[in-house]
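Engineer: Quick one: the structure is below, and I'll ask about it shortly.
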Amino acid sequence: MNIIDILSNTQTKKTVRVLVVEDEYILAINLQESLESLGYVVLDIADSAEGAIAKATELRPNLILMDIRLRGEMDGIQAAEQIWHHLQIPIIYVTGHSDKSTVERATLTSPFGYILKPIKEQELYVAIQTALNRYDREQFLSSVLRAMGDAVIVVDTELNIKYINQVAEALTGWQWNEAKEKMLTEVIKIIDEQTQLPIENPIIAALQQETTIYLGGGVLLVARDGTTIPIADSATPLRNNSGVITGAVFVFRDDTQRRLTEERNLASERAQQLEIRVAELQRLNQLKEDFLATISQEMRTPLSNIKMAISVLENILDRQGVLHLKTVSPSDSVARYLTILRDQCEQELDLIDNLLHIRMIDADIYPLELTSIQLQNWLPHVAEYFQERAQARQQSFEISVSPNLPPLVSDLASLTEIVSELLNNACKYTPPDGQIVLNVQLIYITKSLIDENAKSGVLHNFQVPYFQITISNSGVIIPKKEQSRIFEPFYRIPESDRWQQSGTGLGLTLAKKLVEYLQGTIEVTSSQGWTTFTVQLPLNL
């Protein structure tokens with residue numbers, strides 16, 4: 001169905017009201033009689049341009065028959081131009097003048113017809129019906145364009161603006177009566193979103209290339225007030241029935257909402273992907289935990305049996321006198337090999353225990369048994385074994401603990417594991433004639449608390465007591481870049497002799513996790529030939 005069909009289906013029978021503008025009274029009366037015989041209603045007769053404008057404004061006719069030569073300063077062409085501009089009423093010129101200059105002037109006002117005097121009734125009827133049909137079609141198309149959700153701008157081949165709809169008015173800031181006949185480049189300014197530099201209007205490219213041109217991404221429309229709006233869509237050349245390009249139409253829309261929707265969808269998609277990844281990582285982590293738990297349990301049982309078997313074998317061989325045969329060199333003795341077996345078995349059991357403890361801490365199921373600990377009495381007892389090791393390796397071992405320390409409420413087993421691991425490392429890596437120093441003192445750390453009830457948000461500072469345990473050893477330097485990594489599982493400092501030392505590679509990892517589980521902190525510093533591990537624990541857990 002075409003536009004004419006739509007119009008014919010939607011139009012209702014209505015009385016056509018006509019205003020006659022003619023300064024010759026007899027001709028005006030004759031024209032009125034002809035119009036009424038054809039079924040039209042003549043509202044009034046005006047004999048001047050000023051009178052025509054006034055009566056058109058007052059009566060709002062459906063059609064005006066306008067004589068070109070009128071009495072007064074204004075002629076019919078000037079009156080027609082004003083009436084069309086302000087009232088949009090179709091006008092047919094009725095005149096006895098057909099000279100070239102008059103016709104050209106009349107044509108510039110886009111009239112709906114041109115009838116030469118003397119007027120024949122049939123020609124008058126055809127001209128009126130043709131004008132009304134054309135007006136209805138144009139009004140229908142104008143209504144469609146006004147109702148469109150997209151902005152529409154029409155230009156001729158010289159880039160003069162011929163039409164803009166209401167959406168285009170809103171986006172550009174230009175009203176139709178202001179933009180009419182202005183150059184496109186004066187009304188529509190487009191810039192690149194990234195560079196903020198002007199870019200060519202797609203209408204120009206559409207006219208030059210004689211094809212539809214689509215806007216790329218990142219295009220901003222600069223409105224009349226200087227604000228910028230992201231836009232999208234296309235420009236297309238307009239052709240007449242002969243295929244000749246007569247202008248172009250630029251259809252565009254505010255792209256802000258689409259961009260926001262796209263960004264929200266993208267953010268939602270990323271969030272979903274992140275959730276999937278987190279779920280997968282959790283699944284893999286659970287598999288790892290289950291694997292470690294299963295393997296640890298499966299390995300611990302046979303290793304425990306091996307350790308027990310070593311002890312039984314030692315007892316049997318000892319009773320038979322095999323362990324201390326003087327005819328066998330110490331390097332080839334059975335006792336030496338049994339010691340190797342026992343040490344390696346215990347090392348693997350320690351590794352499994354460490355893995356299980358780390359897993360339990362991560363799962364927040366590690367058991368704690370809080371007790372009151374007098375560090376000045378307990379710590380020398382724990383350090384006694386390591387003092388003997390230090391003496392055997394010709395290392396000096398110094399303990400400094402204040403006798404007046406308050407009790408520490410914490411988990412004794414965890415605290416023993418932490419101190420033993422740090423002292424073990426100190427003994428292991430301190431060279432002969434090196435020094436090991438164990439120091440415990442009570443310190444106060446300043447904490448800040450914001451008073452949420454106070455309007456000024458005042459900060460309240462207060463002192464919180466902490467136990468500080470430091471274990472230092474000389475002769476070893478840990479590079480600065482490695483200090484933050486020594487608590488990682490199985491991490492070894494490059495170019496060190498740690499590969500030659502026994503250990504599970506999890507001792508410091510477990511120590512750090514235990515300290516944090518006890519709501520404390522642990523850090524390492526290394527400079528001037530000394531390495532120091534500092535543990536700070538609250539008095540009460």
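Here's how to read the names in the structure tokens: chain A, B, ... by the order shown, residue numbers from 1 in each chain, ligand numbers from 1 in the order shown.
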Can you tell me, as a ChimeraX atom specification, which residues in range 308-438 of chain A count as helix (DSSP H, G or I) by DSSP?
Structural biologist: /A:308-319,330-332,334-362,375-392,412-429
Engineer: Return as JSON lines the residues of range 195-275 of chain A lying at most 6 Å from range 180-190 of chain A, together with the closest atom-to-atom pair for each and the distance in Å to one decimal, counting only C-alpha atoms, with rows in chain order and ascending residue number.
Structural biologist:
```
{"residue": "A:Pro198", "atom": "CA", "partner": "A:Ile190", "partner_atom": "CA", "distance": 5.8}
{"residue": "A:Ile199", "atom": "CA", "partner": "A:Ile190", "partner_atom": "CA", "distance": 5.8}
{"residue": "A:Leu220", "atom": "CA", "partner": "A:Ile190", "partner_atom": "CA", "distance": 5.7}
{"residue": "A:Leu221", "atom": "CA", "partner": "A:Ile190", "partner_atom": "CA", "distance": 4.7}
{"residue": "A:Val222", "atom": "CA", "partner": "A:Lys189", "partner_atom": "CA", "distance": 5.4}
```
Engineer: For range 251-261 of chain A, list every protein, DNA or RNA residue within 7 Å, evaluated using only C-alpha atoms, and leave out those in the same chain fewer than 4 positions away; present the list as an MDAnalysis selection string.
Structural biologist: chainID A and resid 150:153 229:235 265
Engineer: Check the DSSP output for the backbone and give back, as an MDAnalysis selection string, the residues of range 122-369 of chain A in strand (DSSP E).
Structural biologist: chainID A and resid 151:156 161:164 189:192 213:214 219:222 228:239 245:254
Engineer: Could you state the separation of CA of Pro465 in chain A and CA of Ile445 in chain A in Å, given to one decimal place?
Structural biologist: 6.4 Å
Engineer: Within 7 Å of Asp411 in chain A, counting only C-alpha atoms, which residues qualify if same-chain residues fewer than 5 places away don't, as a list in words?
Structural biologist: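 Residues meeting the cut-off are Leu368, Glu369, Leu370 and Thr371 of chain A.
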Engineer: Write out, as a compact mmCIF listing (two decimals), in the first residue's frame, the residues just selected, with N, CA, C and O atoms.
Structural biologist:
```
# COMPACT_ATOMS: atom_id res chain seq x y z
N LEU A 368 42.24 -24.53 68.04
CA LEU A 368 43.01 -23.70 68.96
C LEU A 368 42.60 -24.03 70.39
O LEU A 368 41.41 -24.14 70.70
N GLU A 369 43.60 -24.15 71.26
CA GLU A 369 43.34 -24.38 72.68
C GLU A 369 44.02 -23.27 73.45
O GLU A 369 45.24 -23.27 73.64
N LEU A 370 43.22 -22.27 73.85
CA LEU A 370 43.78 -21.10 74.49
C LEU A 370 44.20 -21.40 75.92
O LEU A 370 43.50 -22.08 76.67
N THR A 371 45.37 -20.89 76.25
CA THR A 371 45.90 -21.07 77.60
C THR A 371 46.74 -19.87 77.96
O THR A 371 47.20 -19.11 77.09
```
Engineer: Expressed in Å to a single decimal, how great is the separation between CA of Lys120 in chain A and CA of Ala79 in chain A?
Structural biologist: 24.6 Å
Engineer: Any idea what's packed within 8 Å of Ile115 in chain A, counting only C-alpha atoms, ignoring anything in its chain fewer than 3 positions away? Could you give it as a count of residues only?
Structural biologist: 8
Engineer: Would you pick out the contacts of range 28-31 of chain A at 10 Å or less, using only C-alpha atoms, so that residues sharing its chain but fewer than 2 positions from it are not included, and give the list as a ChimeraX atom specification?
Structural biologist: /A:20-26,33-37,42,45-47,65,67,119-121,124
Engineer: Do a neighbour search on Asp433 in chain A at 9 Å with only C-alpha atoms, toss out local chain neighbours closer than 5 positions, and write the hits as an MDAnalysis selection string.
Structural biologist: chainID A and resid 393:396
Engineer: Kindly save the residues from that selection, with C-alpha atoms included, as an mmCIF file, in the first residue's frame.
Structural biologist:
```
data_model
loop_
_atom_site.group_PDB
_atom_site.id
_atom_site.type_symbol
_atom_site.label_atom_id
_atom_site.label_comp_id
_atom_site.auth_asym_id
_atom_site.auth_seq_id
_atom_site.Cartn_x
_atom_site.Cartn_y
_atom_site.Cartn_z
ATOM 1 C CA ARG A 393 77.885 -25.795 65.535
ATOM 2 C CA GLN A 394 80.067 -23.286 67.392
ATOM 3 C CA GLN A 395 77.357 -20.610 67.241
ATOM 4 C CA SER A 396 76.592 -18.221 70.096
#
```
